[in-house]
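A.B. asks: Contents of final23.cif (mmCIF, C-alpha atoms):
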```cif
data_input
loop_
_atom_site.group_PDB
_atom_site.id
_atom_site.type_symbol
_atom_site.label_atom_id
_atom_site.label_comp_id
_atom_site.auth_asym_id
_atom_site.auth_seq_id
_atom_site.Cartn_x
_atom_site.Cartn_y
_atom_site.Cartn_z
ATOM 1 C CA MET R 828 15.406 -170.491 -2.974
ATOM 2 C CA PRO R 829 11.831 -170.094 -4.284
ATOM 3 C CA VAL R 830 9.516 -173.037 -3.724
ATOM 4 C CA PRO R 831 8.546 -174.635 -7.077
ATOM 5 C CA ASP R 832 4.940 -174.395 -8.265
ATOM 6 C CA GLN R 833 3.969 -171.856 -5.601
ATOM 7 C CA PRO R 834 1.662 -169.113 -6.932
ATOM 8 C CA ALA R 835 2.936 -165.553 -6.751
ATOM 9 C CA PRO R 836 1.394 -163.407 -3.995
ATOM 10 C CA ALA R 837 -1.748 -161.631 -5.118
ATOM 11 C CA PRO R 838 -1.536 -157.839 -5.313
ATOM 12 C CA VAL R 839 -3.208 -155.944 -2.488
ATOM 13 C CA PRO R 840 -6.274 -154.116 -3.841
ATOM 14 C CA VAL R 841 -5.529 -150.438 -4.252
ATOM 15 C CA GLU R 842 -8.538 -149.435 -2.144
ATOM 16 C CA ARG R 843 -6.995 -151.239 0.845
ATOM 17 C CA LEU R 844 -3.710 -149.326 0.673
ATOM 18 C CA GLY R 845 -3.302 -146.470 3.112
ATOM 19 C CA PHE R 846 -2.707 -142.943 1.829
ATOM 20 C CA GLU R 847 -3.000 -139.820 3.954
ATOM 21 C CA MET R 848 -5.104 -136.920 2.746
ATOM 22 C CA PRO R 849 -5.617 -133.465 4.240
ATOM 23 C CA PRO R 850 -8.168 -133.593 7.064
ATOM 24 C CA VAL R 851 -11.618 -132.100 6.591
ATOM 25 C CA HIS R 852 -13.338 -130.407 9.542
ATOM 26 C CA ALA R 853 -17.065 -129.703 9.653
ATOM 27 C CA ASP R 854 -16.768 -127.580 12.794
ATOM 28 C CA PRO R 855 -14.936 -124.222 12.437
ATOM 29 C CA ALA R 856 -13.596 -124.596 15.972
ATOM 30 C CA ASP R 857 -11.939 -127.888 15.029
ATOM 31 C CA GLU R 858 -10.538 -126.354 11.849
ATOM 32 C CA ARG R 859 -9.207 -123.391 13.836
ATOM 33 C CA ALA R 860 -7.475 -125.657 16.355
ATOM 34 C CA HIS R 861 -5.932 -127.682 13.527
ATOM 35 C CA ARG R 862 -4.657 -124.617 11.676
ATOM 36 C CA LYS R 863 -3.147 -123.173 14.836
ATOM 37 C CA GLU R 864 -1.417 -126.455 15.621
ATOM 38 C CA ARG R 865 0.022 -126.701 12.113
ATOM 39 C CA LEU R 866 1.016 -123.024 12.152
ATOM 40 C CA ALA R 867 2.923 -123.336 15.431
ATOM 41 C CA GLY R 868 4.583 -126.515 14.168
ATOM 42 C CA ALA R 869 5.602 -124.874 10.901
ATOM 43 C CA LEU R 870 7.171 -121.966 12.762
ATOM 44 C CA ARG R 871 9.180 -124.351 14.942
ATOM 45 C CA LEU R 872 10.396 -126.215 11.868
ATOM 46 C CA LEU R 873 11.377 -123.026 10.054
ATOM 47 C CA GLY R 874 13.273 -121.969 13.165
ATOM 48 C CA ARG R 875 15.204 -125.240 13.250
ATOM 49 C CA LEU R 876 16.085 -124.783 9.588
ATOM 50 C CA GLY R 877 17.602 -121.401 10.387
ATOM 51 C CA TYR R 878 14.982 -119.439 8.438
ATOM 52 C CA GLU R 879 14.724 -116.781 11.120
ATOM 53 C CA ASP R 880 16.592 -113.507 11.521
ATOM 54 C CA GLY R 881 15.958 -111.492 14.655
ATOM 55 C CA VAL R 882 12.341 -110.345 14.721
ATOM 56 C CA ALA R 883 11.884 -110.830 10.969
ATOM 57 C CA GLY R 884 9.710 -113.573 9.530
ATOM 58 C CA HIS R 885 6.038 -114.435 9.788
ATOM 59 C CA VAL R 886 3.630 -117.205 8.871
ATOM 60 C CA THR R 887 -0.088 -116.456 8.792
ATOM 61 C CA ALA R 888 -3.147 -118.685 8.619
ATOM 62 C CA ARG R 889 -6.614 -117.427 7.746
ATOM 63 C CA ASP R 890 -9.211 -117.992 10.454
ATOM 64 C CA PRO R 891 -11.894 -120.379 9.161
ATOM 65 C CA GLU R 892 -14.766 -118.369 10.652
ATOM 66 C CA PHE R 893 -13.890 -114.696 11.219
ATOM 67 C CA GLU R 894 -13.669 -112.694 8.011
ATOM 68 C CA ASP R 895 -10.403 -110.839 7.388
ATOM 69 C CA CYS R 896 -8.746 -112.245 10.536
ATOM 70 C CA TYR R 897 -5.517 -114.218 10.578
ATOM 71 C CA TRP R 898 -3.428 -116.185 13.080
ATOM 72 C CA VAL R 899 0.218 -115.135 13.254
ATOM 73 C CA ASN R 900 3.304 -115.477 15.432
ATOM 74 C CA PRO R 901 3.828 -112.704 18.032
ATOM 75 C CA PHE R 902 6.446 -109.995 17.654
ATOM 76 C CA GLY R 903 9.831 -110.689 19.211
ATOM 77 C CA ARG R 904 9.304 -114.368 20.059
ATOM 78 C CA ALA R 905 11.649 -117.031 18.709
ATOM 79 C CA PHE R 906 10.053 -119.547 16.354
ATOM 80 C CA GLY R 907 11.542 -122.551 18.117
ATOM 81 C CA ALA R 908 9.370 -122.635 21.233
ATOM 82 C CA LEU R 909 6.046 -121.373 19.888
ATOM 83 C CA THR R 910 2.865 -123.309 20.663
ATOM 84 C CA PRO R 911 -0.722 -122.753 19.443
ATOM 85 C CA ASP R 912 -1.499 -120.818 22.630
ATOM 86 C CA ASP R 913 1.193 -118.252 21.750
ATOM 87 C CA LEU R 914 -0.396 -117.284 18.428
ATOM 88 C CA LEU R 915 -2.262 -114.031 17.899
ATOM 89 C CA LEU R 916 -5.475 -113.459 15.993
ATOM 90 C CA VAL R 917 -5.084 -110.189 14.102
ATOM 91 C CA ASP R 918 -7.602 -108.417 11.893
ATOM 92 C CA GLY R 919 -6.778 -107.075 8.465
ATOM 93 C CA ASP R 920 -5.968 -103.659 9.894
ATOM 94 C CA GLY R 921 -3.257 -105.113 12.136
ATOM 95 C CA ARG R 922 -5.203 -104.988 15.410
ATOM 96 C CA VAL R 923 -4.805 -107.902 17.829
ATOM 97 C CA VAL R 924 -8.244 -109.327 18.627
ATOM 98 C CA ARG R 925 -7.081 -112.413 20.507
ATOM 99 C CA GLY R 926 -3.788 -112.721 22.335
ATOM 100 C CA GLU R 927 -1.619 -110.857 24.800
ATOM 101 C CA ARG R 928 1.408 -109.701 22.807
ATOM 102 C CA ARG R 929 2.146 -107.187 20.085
ATOM 103 C CA VAL R 930 2.256 -107.978 16.378
ATOM 104 C CA ASN R 931 4.730 -106.533 13.883
ATOM 105 C CA GLN R 932 2.114 -104.448 12.117
ATOM 106 C CA LEU R 933 4.217 -103.396 9.119
ATOM 107 C CA ALA R 934 5.274 -106.950 8.315
ATOM 108 C CA PHE R 935 1.789 -108.298 8.989
ATOM 109 C CA ALA R 936 0.339 -105.769 6.528
ATOM 110 C CA VAL R 937 2.072 -107.646 3.686
ATOM 111 C CA HIS R 938 0.398 -110.888 4.715
ATOM 112 C CA ALA R 939 -2.990 -109.212 5.075
ATOM 113 C CA ALA R 940 -2.636 -107.736 1.588
ATOM 114 C CA VAL R 941 -1.826 -111.135 0.102
ATOM 115 C CA HIS R 942 -4.737 -112.789 1.903
ATOM 116 C CA ARG R 943 -7.118 -110.099 0.635
ATOM 117 C CA GLU R 944 -5.891 -110.425 -2.945
ATOM 118 C CA ARG R 945 -6.148 -114.216 -2.779
ATOM 119 C CA PRO R 946 -9.250 -115.211 -0.762
ATOM 120 C CA GLU R 947 -8.687 -118.909 -1.509
ATOM 121 C CA VAL R 948 -5.258 -118.851 0.168
ATOM 122 C CA VAL R 949 -5.166 -120.208 3.733
ATOM 123 C CA ALA R 950 -1.522 -119.565 4.623
ATOM 124 C CA VAL R 951 1.273 -117.159 3.702
ATOM 125 C CA VAL R 952 4.956 -117.707 4.537
ATOM 126 C CA ARG R 953 7.443 -114.830 4.408
ATOM 127 C CA THR R 954 10.625 -115.342 6.378
ATOM 128 C CA GLN R 955 14.398 -115.214 6.008
ATOM 129 C CA ALA R 956 16.376 -117.887 4.164
ATOM 130 C CA PRO R 957 19.849 -117.342 2.679
ATOM 131 C CA TYR R 958 19.587 -118.780 -0.825
ATOM 132 C CA GLY R 959 16.213 -117.245 -1.572
ATOM 133 C CA ARG R 960 17.588 -113.883 -0.515
ATOM 134 C CA ALA R 961 20.694 -114.395 -2.657
ATOM 135 C CA LEU R 962 18.571 -115.210 -5.709
ATOM 136 C CA ALA R 963 16.382 -112.203 -4.939
ATOM 137 C CA ALA R 964 19.495 -110.009 -4.858
ATOM 138 C CA LEU R 965 20.191 -111.139 -8.433
ATOM 139 C CA GLY R 966 16.605 -110.364 -9.426
ATOM 140 C CA GLU R 967 16.097 -113.815 -10.940
ATOM 141 C CA LEU R 968 13.279 -116.342 -11.148
ATOM 142 C CA LEU R 969 13.749 -120.011 -10.295
ATOM 143 C CA ALA R 970 14.986 -121.787 -13.402
ATOM 144 C CA PRO R 971 13.617 -125.211 -14.465
ATOM 145 C CA ILE R 972 16.925 -127.025 -13.985
ATOM 146 C CA THR R 973 15.687 -129.814 -11.678
ATOM 147 C CA GLN R 974 12.491 -131.807 -11.307
ATOM 148 C CA GLU R 975 11.825 -130.075 -8.000
ATOM 149 C CA ALA R 976 12.282 -126.585 -9.461
ATOM 150 C CA CYS R 977 9.731 -127.392 -12.168
ATOM 151 C CA ALA R 978 6.995 -127.227 -9.504
ATOM 152 C CA PHE R 979 7.473 -123.442 -9.758
ATOM 153 C CA TYR R 980 7.728 -123.275 -13.563
ATOM 154 C CA GLU R 981 5.478 -120.456 -14.797
ATOM 155 C CA ASP R 982 3.884 -120.517 -11.330
ATOM 156 C CA HIS R 983 5.862 -117.858 -9.506
ATOM 157 C CA ALA R 984 6.557 -114.185 -10.053
ATOM 158 C CA LEU R 985 9.332 -111.651 -9.552
ATOM 159 C CA LEU R 986 8.674 -108.196 -8.138
ATOM 160 C CA ASP R 987 11.594 -106.644 -9.982
ATOM 161 C CA GLU R 988 12.023 -103.569 -7.815
ATOM 162 C CA TYR R 989 12.739 -103.109 -4.151
ATOM 163 C CA ALA R 990 9.495 -103.044 -2.155
ATOM 164 C CA GLY R 991 9.542 -102.355 1.563
ATOM 165 C CA VAL R 992 6.931 -103.372 4.093
ATOM 166 C CA GLU R 993 5.181 -100.056 3.503
ATOM 167 C CA ASP R 994 4.400 -101.309 -0.031
ATOM 168 C CA ALA R 995 2.076 -104.063 1.179
ATOM 169 C CA GLY R 996 -0.572 -103.555 -1.487
ATOM 170 C CA ARG R 997 1.967 -103.667 -4.316
ATOM 171 C CA ILE R 998 3.449 -106.872 -2.935
ATOM 172 C CA GLY R 999 0.004 -108.451 -2.620
ATOM 173 C CA ARG R 1000 -0.824 -107.622 -6.242
ATOM 174 C CA ALA R 1001 2.587 -108.736 -7.541
ATOM 175 C CA LEU R 1002 1.977 -112.323 -6.449
ATOM 176 C CA GLY R 1003 -0.893 -112.593 -8.921
ATOM 177 C CA PRO R 1004 -2.338 -116.118 -9.239
ATOM 178 C CA TYR R 1005 0.926 -117.867 -8.400
ATOM 179 C CA LYS R 1006 2.201 -119.941 -5.467
ATOM 180 C CA ALA R 1007 5.403 -117.979 -4.878
ATOM 181 C CA LEU R 1008 6.851 -114.497 -5.227
ATOM 182 C CA ILE R 1009 10.491 -113.438 -5.316
ATOM 183 C CA LEU R 1010 10.834 -109.993 -3.791
ATOM 184 C CA ARG R 1011 13.921 -108.421 -5.320
ATOM 185 C CA ASN R 1012 16.589 -107.690 -2.694
ATOM 186 C CA ARG R 1013 14.373 -109.257 0.006
ATOM 187 C CA GLY R 1014 13.641 -112.947 -0.517
ATOM 188 C CA LEU R 1015 10.790 -115.412 -0.894
ATOM 189 C CA LEU R 1016 7.077 -115.414 -0.169
ATOM 190 C CA THR R 1017 4.870 -118.473 -0.667
ATOM 191 C CA VAL R 1018 1.182 -119.292 -0.291
ATOM 192 C CA GLY R 1019 -0.959 -122.404 -0.109
ATOM 193 C CA ASP R 1020 -4.407 -123.773 0.618
ATOM 194 C CA SER R 1021 -3.064 -125.114 3.915
ATOM 195 C CA VAL R 1022 -0.290 -124.219 6.322
ATOM 196 C CA ASP R 1023 1.504 -127.401 5.320
ATOM 197 C CA ALA R 1024 1.390 -126.590 1.599
ATOM 198 C CA ALA R 1025 2.568 -122.990 1.992
ATOM 199 C CA THR R 1026 5.429 -124.080 4.266
ATOM 200 C CA TRP R 1027 6.502 -126.828 1.877
ATOM 201 C CA TRP R 1028 6.574 -124.365 -1.022
ATOM 202 C CA PHE R 1029 8.825 -122.050 0.975
ATOM 203 C CA ILE R 1030 11.241 -124.857 1.829
ATOM 204 C CA ALA R 1031 11.146 -126.191 -1.744
ATOM 205 C CA ALA R 1032 11.759 -122.739 -3.239
ATOM 206 C CA GLU R 1033 14.690 -122.159 -0.898
ATOM 207 C CA ARG R 1034 16.208 -125.512 -1.867
ATOM 208 C CA ALA R 1035 15.656 -124.817 -5.579
ATOM 209 C CA ALA R 1036 17.397 -121.450 -5.177
ATOM 210 C CA GLN R 1037 20.315 -123.182 -3.456
ATOM 211 C CA VAL R 1038 20.732 -125.705 -6.280
ATOM 212 C CA GLN R 1039 20.435 -122.962 -8.907
ATOM 213 C CA LEU R 1040 23.148 -120.850 -7.317
ATOM 214 C CA ILE R 1041 25.477 -123.836 -6.858
ATOM 215 C CA ALA R 1042 24.942 -124.968 -10.459
ATOM 216 C CA ARG R 1043 25.589 -121.472 -11.801
ATOM 217 C CA ALA R 1044 28.785 -121.225 -9.782
ATOM 218 C CA ALA R 1045 29.987 -124.500 -11.283
ATOM 219 C CA GLY R 1046 29.034 -123.822 -14.894
ATOM 220 C CA LYS R 1047 26.035 -123.289 -17.174
ATOM 221 C CA PRO R 1048 23.016 -125.310 -15.953
ATOM 222 C CA ALA R 1049 21.016 -127.220 -18.564
ATOM 223 C CA THR R 1050 17.331 -126.274 -18.446
ATOM 224 C CA ILE R 1051 14.395 -128.634 -18.841
ATOM 225 C CA ASP R 1052 12.386 -127.920 -22.001
ATOM 226 C CA HIS R 1053 9.017 -126.166 -21.800
ATOM 227 C CA ARG R 1054 6.797 -129.196 -22.445
ATOM 228 C CA ALA R 1055 8.565 -131.395 -19.896
ATOM 229 C CA ALA R 1056 8.672 -128.583 -17.324
ATOM 230 C CA VAL R 1057 4.921 -127.993 -17.646
ATOM 231 C CA ALA R 1058 4.173 -131.717 -17.381
ATOM 232 C CA THR R 1059 6.349 -131.971 -14.277
ATOM 233 C CA ARG R 1060 4.643 -128.962 -12.705
ATOM 234 C CA GLU R 1061 1.231 -130.473 -13.382
ATOM 235 C CA ARG R 1062 2.296 -133.652 -11.584
ATOM 236 C CA PHE R 1063 4.188 -132.187 -8.619
ATOM 237 C CA GLY R 1064 3.074 -128.568 -8.398
ATOM 238 C CA SER R 1065 -0.348 -128.771 -6.754
ATOM 239 C CA ASP R 1066 -1.051 -127.796 -3.161
ATOM 240 C CA LEU R 1067 -2.097 -131.402 -2.524
ATOM 241 C CA ALA R 1068 1.336 -132.589 -3.691
ATOM 242 C CA ALA R 1069 2.913 -129.985 -1.398
ATOM 243 C CA TRP R 1070 0.796 -131.136 1.555
ATOM 244 C CA VAL R 1071 1.852 -134.753 0.969
ATOM 245 C CA SER R 1072 5.525 -133.781 0.614
ATOM 246 C CA TYR R 1073 5.426 -131.863 3.888
ATOM 247 C CA GLN R 1074 4.108 -134.731 6.025
ATOM 248 C CA PRO R 1075 7.425 -136.593 6.539
ATOM 249 C CA ILE R 1076 9.162 -133.454 7.832
ATOM 250 C CA GLY R 1077 6.340 -131.463 9.402
ATOM 251 C CA PRO R 1078 6.080 -131.386 13.196
ATOM 252 C CA GLN R 1079 3.241 -133.487 14.497
ATOM 253 C CA GLY R 1080 1.862 -131.093 17.071
ATOM 254 C CA GLU R 1081 4.299 -131.319 19.975
ATOM 255 C CA PRO R 1082 6.887 -128.576 20.577
ATOM 256 C CA ASN R 1083 9.727 -131.044 20.011
ATOM 257 C CA GLY R 1084 7.960 -133.054 17.363
ATOM 258 C CA GLY R 1085 8.886 -133.404 13.700
ATOM 259 C CA VAL R 1086 12.027 -134.459 11.941
ATOM 260 C CA ASN R 1087 15.117 -132.320 12.321
ATOM 261 C CA ILE R 1088 16.103 -132.253 8.676
ATOM 262 C CA MET R 1089 19.106 -130.086 9.495
ATOM 263 C CA ASN R 1090 20.790 -133.116 11.037
ATOM 264 C CA GLY R 1091 19.195 -135.878 8.996
#
```
What does this structure look like when you write it as structure tokens?
C.D. replies:
Amino acid sequence: MPVPDQPAPAPVPVERLGFEMPPVHADPADERAHRKERLAGALRLLGRLGYEDGVAGHVTARDPEFEDCYWVNPFGRAFGALTPDDLLLVDGDGRVVRGERRVNQLAFAVHAAVHRERPEVVAVVRTQAPYGRALAALGELLAPITQEACAFYEDHALLDEYAGVEDAGRIGRALGPYKALILRNRGLLTVGDSVDAATWWFIAAERAAQVQLIARAAGKPATIDHRAAVATRERFGSDLAAWVSYQPIGPQGEPNGGVNIMNG
């Protein structure tokens, strides 16, 4: 029972409430270490989600200091056990400049092309996920049928012809200014201003594709109107929103860290 005549608790001033923001590093070496840690963690998470198929699948992160050089997972190594020390630094021509293993040069060429077309992009994710590949086989964009899908409304593109890894330049140009690209008959590619943001967009696009395919199988999905879809994208579609959304599921630096969202 409430005590009579007791004043209600005063609200906590907003400036005293905690809210995480992306870290800022003045030293390129610190930024490099952070990006490598987040890149290795993202690869482990994608592996746990099952977004890996043999030797296919790569995530790249731009080096903060060396021009046209990118950190990437080595060829033939499973995502699940990768650490920052396993990553390779590869130049835009596909040559390993730091590391001791080979890189999949054809697949890496796609990432290098995207990074060159979009110099503001820090990370590129292109790996294997079932629903994104199924949607790509239909040659369809993500429809604005859920709040989450609206993050991609008018902010992703479809390369509506089959493009192999030898078509790296065409793939890089097809992305345009957007956060995601559907490669017909191949799957999803996403980008972001951080590893966390790019990885979140990949996971979110895969989930949106899953919902879209399930809804279509059950009937005719109702779409969100243009004005509401744009407003929703403006609220939830920024790379900052993606970074924030990724924090509860993203690994926190240790090989076994992070939440296993496959098992809840």
A.B. asks: What is the distance between CA of Ala934 (chain R) and CA of Asp880 (chain R), in Å to one decimal?
C.D. replies: 13.5 Å
A.B. asks: Find the spatial neighbours of Glu981 (chain R), counting all atoms listed in the file, within a cut-off of 12 Å - ignore same-chain residues fewer than 2 positions away - and output them as a VMD selection string.
C.D. replies: chain R and resid 968 to 971 976 to 979 983 to 985 1003 to 1008 1053 to 1054 1056 to 1061 1064
A.B. asks: Write out as a list in words the residues lying within 8 Å of Asp1023 (chain R), counting all atoms listed in the file and excluding same-chain residues fewer than 6 positions away.
C.D. replies: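 Listing them by chain and then by number gives Arg865, Ala869, Ala1069, Trp1070, Tyr1073, Gln1074 and Gly1077 of chain R.
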A.B. asks: Give me, as a tab-separated table, the closest atom pair and its distance (Å, one decimal) for every residue of region 942-1017 of chain R within a cut-off of 12 Å of region 909-926 of chain R, counting only C-alpha atoms, rows sorted by chain and rising number.
C.D. replies:
```
residue	atom	partner	partner_atom	distance
R:His942	CA	R:Gly919	CA	8.9
R:Arg943	CA	R:Gly919	CA	8.4
R:Glu944	CA	R:Gly919	CA	11.9
R:Ala995	CA	R:Gly919	CA	11.9
```
A.B. asks: What are the nearest atom pairs, with distances in Å to one decimal, for all residues of region 847-966 of chain R that come at most 10 Å from region 1040-1047 of chain R, using all atoms listed in the file, set out by chain and rising residue number as CSV?
C.D. replies:
```
residue,atom,partner,partner_atom,distance
R:Tyr958,CA,R:Leu1040,CA,7.7
R:Gly959,CA,R:Leu1040,CA,9.7
R:Ala961,CA,R:Leu1040,CA,8.3
R:Leu962,CA,R:Leu1040,CA,7.4
```
A.B. asks: Let's have the selection written as a tab-separated table (two decimals), keeping the file's coordinate frame, with C-alpha atoms.
C.D. replies:
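File out-v8.tsv, as written:
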```
chain	number	residue	atom	x	y	z
R	958	TYR	CA	19.59	-118.78	-0.82
R	959	GLY	CA	16.21	-117.24	-1.57
R	961	ALA	CA	20.69	-114.40	-2.66
R	962	LEU	CA	18.57	-115.21	-5.71
```
A.B. asks: Which residue gives the smallest distance to Pro901 (chain R) among R:Thr887, R:Gln833, R:Gln1039, R:Thr973, with all atoms listed in the file counted?
C.D. replies: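 Going through R:Thr887, R:Gln833, R:Gln1039, R:Thr973 one by one, the smallest distance to Pro901 (chain R) is for R:Thr887.
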A.B. asks: Identify all residues satisfying the PyMOL selection byres ((chain R and resi 879) around 12) in the given file; provide them as a PyMOL selection string.
C.D. replies: chain R and resi 870-878+880-886+903-907+952-957
